[in-house]
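> Structure supplied as start_18.cif; contents: mmCIF, C-alpha atoms (C1' of nucleotides).
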```
data_input
#
loop_
_atom_site.label_atom_id
_atom_site.label_comp_id
_atom_site.auth_asym_id
_atom_site.auth_seq_id
_atom_site.Cartn_x
_atom_site.Cartn_y
_atom_site.Cartn_z
CA MET D 1 -19.31 109.75 -12.11
CA LYS D 2 -16.10 108.97 -13.86
CA ASN D 3 -15.74 109.67 -17.56
CA TYR D 4 -13.75 107.68 -20.08
CA TRP D 5 -11.70 109.09 -22.95
CA LEU D 6 -9.49 108.01 -25.78
CA MET D 7 -6.48 110.22 -26.42
CA LYS D 8 -4.19 109.89 -29.41
CA SER D 9 -0.51 110.51 -29.37
CA GLU D 10 2.19 109.88 -31.91
CA PRO D 11 4.71 107.64 -30.14
CA ASP D 12 7.56 109.51 -31.85
CA ALA D 13 6.38 112.65 -30.05
CA PHE D 14 5.11 111.20 -26.78
CA SER D 15 4.53 107.52 -26.09
CA ILE D 16 3.08 105.44 -23.28
CA GLU D 17 6.67 104.50 -22.44
CA ASP D 18 7.54 108.18 -22.06
CA LEU D 19 4.63 108.55 -19.65
CA GLU D 20 5.58 105.40 -17.73
CA ARG D 21 9.13 106.68 -17.30
CA LEU D 22 7.83 109.62 -15.30
CA ASN D 23 7.27 107.23 -12.38
CA GLY D 24 3.88 108.50 -11.34
CA LYS D 25 4.64 112.14 -12.06
CA SER D 26 1.97 113.79 -14.19
CA GLU D 27 2.56 115.36 -17.58
CA PRO D 28 0.79 118.27 -19.31
CA TRP D 29 -1.04 117.06 -22.42
CA ASP D 30 0.06 120.02 -24.49
CA GLY D 31 -0.31 120.84 -28.14
CA ILE D 32 -4.03 120.29 -28.57
CA ARG D 33 -5.07 122.79 -31.24
CA ASN D 34 -8.54 121.62 -32.09
CA TYR D 35 -11.54 123.31 -30.52
CA GLN D 36 -13.61 120.19 -30.06
CA ALA D 37 -10.79 118.39 -28.30
CA ARG D 38 -10.06 121.47 -26.20
CA ASN D 39 -13.71 121.75 -25.20
CA PHE D 40 -13.73 118.20 -23.93
CA MET D 41 -10.77 118.96 -21.69
CA ARG D 42 -12.08 122.33 -20.61
CA ASP D 43 -15.71 121.40 -19.99
CA GLU D 44 -15.87 117.70 -19.27
CA PHE D 45 -12.56 116.37 -17.99
CA LYS D 46 -12.48 115.63 -14.28
CA ILE D 47 -9.62 114.47 -12.10
CA GLY D 48 -9.68 110.69 -12.02
CA ASP D 49 -11.24 110.24 -15.47
CA GLN D 50 -9.75 107.21 -17.17
CA ILE D 51 -7.91 107.45 -20.50
CA LEU D 52 -7.27 104.92 -23.23
CA PHE D 53 -3.79 105.84 -24.51
CA TYR D 54 -3.72 105.43 -28.28
CA HIS D 55 -0.64 105.42 -30.50
CA SER D 56 -1.33 106.97 -33.89
CA ASN D 57 0.75 107.37 -37.02
CA CYS D 58 2.72 104.23 -36.33
CA SER D 59 2.56 100.55 -37.06
CA PRO D 60 0.36 99.17 -35.80
CA PRO D 61 -1.87 101.97 -34.50
CA GLY D 62 -3.87 101.05 -31.42
CA VAL D 63 -4.55 101.39 -27.71
CA VAL D 64 -1.38 100.63 -25.77
CA GLY D 65 -2.36 101.34 -22.19
CA LEU D 66 -4.16 103.45 -19.64
CA ALA D 67 -3.72 106.87 -18.09
CA GLU D 68 -5.82 109.13 -15.92
CA VAL D 69 -6.64 112.80 -15.65
CA ALA D 70 -4.44 114.29 -12.93
CA SER D 71 -5.35 117.98 -12.88
CA ASP D 72 -8.07 120.49 -13.52
CA PRO D 73 -7.85 122.29 -16.87
CA TYR D 74 -5.38 125.19 -17.13
CA PRO D 75 -3.78 127.21 -19.95
CA ASP D 76 -1.38 125.51 -22.37
CA GLU D 77 1.95 127.31 -21.87
CA THR D 78 3.31 126.16 -25.21
CA ALA D 79 0.85 128.47 -26.96
CA PHE D 80 2.67 131.47 -25.45
CA ASP D 81 6.16 130.33 -26.43
CA PRO D 82 7.37 131.64 -29.80
CA LYS D 83 9.97 128.88 -29.91
CA SER D 84 7.42 126.10 -29.46
CA LYS D 85 5.98 124.35 -32.47
CA TYR D 86 2.64 124.78 -30.74
CA PHE D 87 3.02 128.56 -30.50
CA ASP D 88 -0.19 130.44 -31.25
CA PRO D 89 0.13 134.24 -31.29
CA LYS D 90 -3.62 134.52 -30.92
CA SER D 91 -3.53 132.89 -27.50
CA LYS D 92 -2.97 135.66 -24.96
CA ARG D 93 -2.13 135.25 -21.31
CA ASP D 94 -5.16 137.29 -20.29
CA SER D 95 -7.42 135.18 -22.51
CA PRO D 96 -5.79 131.82 -23.23
CA ARG D 97 -7.16 130.12 -26.29
CA TRP D 98 -5.71 126.67 -25.57
CA ILE D 99 -6.00 124.76 -22.34
CA LEU D 100 -4.92 121.32 -21.21
CA VAL D 101 -4.94 118.88 -18.32
CA ASP D 102 -2.18 116.84 -16.76
CA VAL D 103 -2.27 113.09 -17.26
CA ARG D 104 -0.68 110.33 -15.20
CA PHE D 105 0.43 106.83 -16.15
CA VAL D 106 -1.82 104.00 -15.02
CA ALA D 107 -0.83 100.88 -16.93
CA LYS D 108 0.71 99.59 -20.10
CA PHE D 109 -1.16 96.69 -21.67
CA PRO D 110 0.67 93.39 -22.06
CA ARG D 111 -0.25 93.75 -25.71
CA THR D 112 -1.53 96.44 -28.04
CA VAL D 113 -5.21 96.46 -28.92
CA THR D 114 -4.74 97.35 -32.56
CA LEU D 115 -7.09 99.47 -34.61
CA ALA D 116 -7.59 96.49 -36.91
CA GLU D 117 -8.61 94.34 -33.96
CA MET D 118 -10.99 97.01 -32.71
CA ARG D 119 -12.62 97.08 -36.13
CA GLU D 120 -13.07 93.33 -35.94
CA THR D 121 -14.69 93.52 -32.52
CA GLU D 122 -18.40 93.77 -33.10
CA SER D 123 -19.31 95.34 -29.76
CA LEU D 124 -16.91 98.26 -30.30
CA GLY D 125 -18.62 99.33 -33.51
CA GLU D 126 -19.98 102.55 -32.04
CA MET D 127 -16.61 103.95 -31.03
CA ARG D 128 -15.78 107.36 -32.49
CA ILE D 129 -12.29 106.26 -33.42
CA LEU D 130 -13.77 103.67 -35.75
CA GLN D 131 -16.06 106.05 -37.58
CA LYS D 132 -15.07 107.03 -41.08
CA GLY D 133 -12.93 110.11 -41.34
CA ASN D 134 -12.48 110.49 -37.62
CA ARG D 135 -9.44 112.61 -36.84
CA LEU D 136 -10.36 114.00 -33.46
CA SER D 137 -7.49 113.41 -31.04
CA ILE D 138 -9.67 113.30 -27.94
CA THR D 139 -12.95 111.39 -27.96
CA PRO D 140 -15.35 110.22 -25.27
CA VAL D 141 -15.60 106.47 -24.76
CA SER D 142 -18.46 104.58 -23.11
CA GLU D 143 -17.72 102.63 -19.95
CA ARG D 144 -18.67 99.46 -21.78
CA ASP D 145 -16.22 100.06 -24.64
CA TYR D 146 -13.54 101.09 -22.15
CA GLU D 147 -13.96 97.84 -20.21
CA LYS D 148 -13.90 95.80 -23.41
CA ILE D 149 -10.62 97.31 -24.54
CA VAL D 150 -9.05 96.81 -21.11
CA GLU D 151 -10.13 93.18 -21.34
CA LEU D 152 -8.61 92.80 -24.79
CA GLY D 153 -5.39 94.53 -23.75
CA ASN D 154 -4.95 92.19 -20.81
CA SER D 155 -5.90 88.98 -22.59
CA SER D 156 -3.23 86.67 -23.86
CA THR D 157 -5.37 85.18 -26.58
CA SER D 158 -5.86 87.20 -29.69
"C1'" DG K 1 4.67 108.44 -49.98
"C1'" DC K 2 -0.23 108.67 -51.11
"C1'" DC K 3 -4.43 110.54 -50.38
"C1'" DA K 4 -9.21 110.91 -48.21
"C1'" DA K 5 -11.34 113.40 -44.80
"C1'" DC K 6 -11.49 117.33 -42.16
"C1'" DG K 7 -10.56 121.90 -40.11
"C1'" DT K 8 -9.14 126.60 -40.78
"C1'" DT K 9 -8.28 130.81 -43.23
"C1'" DG K 10 -9.32 134.72 -45.69
"C1'" DG K 11 -11.10 137.13 -49.88
"C1'" DC K 12 -15.27 138.64 -51.41
"C1'" DG Z 1 -21.90 134.10 -44.60
"C1'" DC Z 2 -19.99 131.51 -48.53
"C1'" DC Z 3 -16.58 128.71 -50.25
"C1'" DA Z 4 -12.03 127.84 -52.55
"C1'" DA Z 5 -7.55 127.14 -51.20
"C1'" DC Z 6 -4.65 125.36 -48.15
"C1'" DG Z 7 -2.81 122.70 -44.19
"C1'" DT Z 8 -3.11 118.67 -41.20
"C1'" DT Z 9 -4.23 114.06 -39.64
"C1'" DG Z 10 -3.41 109.52 -39.84
"C1'" DG Z 11 -4.36 104.91 -41.96
"C1'" DC Z 12 -2.54 102.29 -45.41
#
```
Go ahead and render the structure in this file as structure tokens.


Amino acid sequence: MKNYWLMKSEPDAFSIEDLERLNGKSEPWDGIRNYQARNFMRDEFKIGDQILFYHSNCSPPGVVGLAEVASDPYPDETAFDPKSKYFDPKSKRDSPRWILVDVRFVAKFPRTVTLAEMRETESLGEMRILQKGNRLSITPVSERDYEKIVELGNSSTS
DNA sequence: GCCAACGTTGGC
DNA sequence: GCCAACGTTGGC
């Protein structure tokens, strides 16, 4: 059984275009420093899981395309690097605190499914991203909501 | 830039 | 274990 996820990224830091430019090469999803998000990757991510790629902290925020999980979980190297902004002295090589997976580009939507549009879409009402105060950067998505967003992202009518 | 909502830290 | 202070996220 495939799982579905929504993963946020600030396009200034890493965008769907950055991922697309890798030409099918996978990229470590580094910098996750939240235990809940880490636990999803560590305990539930499987190779082939599908990802809604969400641009946050930009205008307009929304789902811009699709990616997929391309590796099993493994330690986040940036936590060991004192020069990285993600450095965490409490993460030791013999007991890594932060782990990640690689992701691979799947598709960029012809158009962005904006957060505002998602809020207006009745059937998406249960999505975690729409709940008040949600800040979690990785959230599970139901297959139904995933399919709906793919449909919206590929539709020409708004 | 503002600020609400959260998560983390650390003194006690 | 409590909780105030602080830092971060992220929409607006």

> I need the contact residues of chain D against chain K, so if you could list those with any atom within 9 Å, counting all atoms listed in the file, and return them as a list in words, that would help.

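That gives Asn34, Lys132, Gly133, Asn134 and Arg135 of chain D for chain D.
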
> Any idea what's packed within 9 Å of Gly48 in chain D, counting only C-alpha atoms (C1' of nucleotides), ignoring anything in its chain fewer than 6 positions away? Could you give it as number ranges by chain?

D: 2-3, 68-71

> Give me, please, the distance in Å between CA of Arg33 in chain D and CA of Phe109 in chain D, quoted to one decimal.

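Straight-line distance from CA of Arg33 in chain D to CA of Phe109 in chain D works out to 28.1 Å.
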
> I'd like to see the residues matched by the PyMOL selection byres ((chain D and resi 73-77) around 8) on this file, and ideally I'd get them as a ChimeraX atom specification.

/D:30-31,41-42,45,71-72,78-81,96-102

> Any chance you could resolve the PyMOL selection byres ((chain D and resi 57) around 6) against this file and give the residues as a short mmCIF file (atom, residue, chain, number, x, y, z; two decimals) with C-alpha atoms (C1' of nucleotides), keeping the file's coordinate frame?


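The resulting file, selection.cif, is shown below:
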```cif
data_model
loop_
_atom_site.label_atom_id
_atom_site.label_comp_id
_atom_site.auth_asym_id
_atom_site.auth_seq_id
_atom_site.Cartn_x
_atom_site.Cartn_y
_atom_site.Cartn_z
CA GLU D 10 2.19 109.88 -31.91
CA SER D 56 -1.33 106.97 -33.89
CA CYS D 58 2.72 104.23 -36.33
"C1'" DG Z 10 -3.41 109.52 -39.84
#
```

> So how many Å separate CA of Phe40 in chain D and CA of Ser26 in chain D, to one decimal?

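If I compute the distance from CA of Phe40 in chain D to CA of Ser26 in chain D, I get 19.0 Å.
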
> Once the PyMOL selection byres ((chain D and resi 54) around 6) has been applied to the shown file, what residues remain in the selection, as a list in words?

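Going through the file, the PyMOL selection byres ((chain D and resi 54) around 6) ends up selecting Met7, Lys8, Phe53, His55, Gly62, Val63 and Val64 of chain D.
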
> What does the distance between CA of Pro60 in chain D and CA of Glu117 in chain D come to in Å, to one decimal place?

10.4 Å

> In terms of the shortest atom-to-atom distance over only C-alpha atoms, which of D:Gly24, D:Leu130, D:Arg93, D:Met1 is closest to Glu44 in chain D?

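Answer, going by the shortest atom-to-atom distance: D:Met1.
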
> Complete range 92-117 of chain D at the level of N, CA, C and O atoms, written as a compact mmCIF listing (two decimals), in the coordinates of the input.


```txt
# COMPACT_ATOMS: atom_id res chain seq x y z
N LYS D 92 -3.56 134.64 -25.83
CA LYS D 92 -2.97 135.66 -24.96
C LYS D 92 -3.09 135.21 -23.51
O LYS D 92 -4.04 134.53 -23.14
N ARG D 93 -2.12 135.66 -22.72
CA ARG D 93 -2.13 135.25 -21.31
C ARG D 93 -3.40 135.69 -20.58
O ARG D 93 -3.86 135.02 -19.67
N ASP D 94 -3.94 136.84 -20.98
CA ASP D 94 -5.16 137.29 -20.29
C ASP D 94 -6.42 136.66 -20.88
O ASP D 94 -7.51 136.84 -20.33
N SER D 95 -6.28 135.95 -21.98
CA SER D 95 -7.42 135.18 -22.51
C SER D 95 -6.88 133.99 -23.30
O SER D 95 -6.88 133.99 -24.53
N PRO D 96 -6.41 132.99 -22.59
CA PRO D 96 -5.79 131.82 -23.23
C PRO D 96 -6.77 131.10 -24.15
O PRO D 96 -7.91 130.85 -23.76
N ARG D 97 -6.31 130.82 -25.35
CA ARG D 97 -7.16 130.12 -26.29
C ARG D 97 -7.10 128.60 -26.07
O ARG D 97 -8.08 127.90 -26.29
N TRP D 98 -5.92 128.12 -25.66
CA TRP D 98 -5.71 126.67 -25.57
C TRP D 98 -5.46 126.26 -24.12
O TRP D 98 -4.65 126.87 -23.42
N ILE D 99 -6.16 125.25 -23.70
CA ILE D 99 -6.00 124.76 -22.34
C ILE D 99 -5.72 123.24 -22.38
O ILE D 99 -5.92 122.59 -23.41
N LEU D 100 -5.27 122.73 -21.26
CA LEU D 100 -4.92 121.32 -21.21
C LEU D 100 -5.18 120.77 -19.81
O LEU D 100 -5.58 121.50 -18.91
N VAL D 101 -4.96 119.49 -19.64
CA VAL D 101 -4.94 118.88 -18.32
C VAL D 101 -3.65 118.08 -18.21
O VAL D 101 -3.01 117.77 -19.21
N ASP D 102 -3.28 117.77 -16.98
CA ASP D 102 -2.18 116.84 -16.76
C ASP D 102 -2.72 115.42 -16.79
O ASP D 102 -3.84 115.17 -16.36
N VAL D 103 -1.89 114.50 -17.29
CA VAL D 103 -2.27 113.09 -17.26
C VAL D 103 -1.19 112.31 -16.52
O VAL D 103 -0.03 112.71 -16.46
N ARG D 104 -1.60 111.18 -15.96
CA ARG D 104 -0.68 110.33 -15.20
C ARG D 104 -0.77 108.90 -15.70
O ARG D 104 -1.87 108.42 -16.03
N PHE D 105 0.37 108.24 -15.73
CA PHE D 105 0.43 106.83 -16.15
C PHE D 105 -0.39 105.93 -15.22
O PHE D 105 -0.35 106.10 -14.01
N VAL D 106 -1.12 104.99 -15.82
CA VAL D 106 -1.82 104.00 -15.02
C VAL D 106 -1.28 102.60 -15.31
O VAL D 106 -0.88 101.88 -14.42
N ALA D 107 -1.28 102.23 -16.59
CA ALA D 107 -0.83 100.88 -16.93
C ALA D 107 -0.48 100.80 -18.40
O ALA D 107 -1.03 101.52 -19.23
N LYS D 108 0.45 99.93 -18.71
CA LYS D 108 0.71 99.59 -20.10
C LYS D 108 0.16 98.19 -20.32
O LYS D 108 0.40 97.29 -19.51
N PHE D 109 -0.60 98.02 -21.39
CA PHE D 109 -1.16 96.69 -21.67
C PHE D 109 -0.05 95.70 -22.00
O PHE D 109 0.94 96.08 -22.62
N PRO D 110 -0.26 94.43 -21.63
CA PRO D 110 0.67 93.39 -22.06
C PRO D 110 0.78 93.33 -23.58
O PRO D 110 1.81 92.93 -24.12
N ARG D 111 -0.30 93.73 -24.24
CA ARG D 111 -0.25 93.75 -25.71
C ARG D 111 -1.12 94.88 -26.23
O ARG D 111 -2.07 95.33 -25.58
N THR D 112 -0.79 95.35 -27.43
CA THR D 112 -1.53 96.44 -28.04
C THR D 112 -2.88 95.96 -28.58
O THR D 112 -2.95 94.90 -29.20
N VAL D 113 -3.92 96.72 -28.29
CA VAL D 113 -5.21 96.46 -28.92
C VAL D 113 -5.22 97.29 -30.21
O VAL D 113 -5.42 98.49 -30.19
N THR D 114 -4.93 96.62 -31.31
CA THR D 114 -4.74 97.35 -32.56
C THR D 114 -6.05 97.88 -33.12
O THR D 114 -7.14 97.36 -32.83
N LEU D 115 -5.92 98.92 -33.94
CA LEU D 115 -7.09 99.47 -34.61
C LEU D 115 -7.80 98.41 -35.42
O LEU D 115 -9.03 98.31 -35.42
N ALA D 116 -7.01 97.57 -36.10
CA ALA D 116 -7.59 96.49 -36.91
C ALA D 116 -8.43 95.55 -36.04
O ALA D 116 -9.53 95.17 -36.41
N GLU D 117 -7.88 95.23 -34.86
CA GLU D 117 -8.61 94.34 -33.96
C GLU D 117 -9.89 95.01 -33.44
O GLU D 117 -10.93 94.37 -33.31
```
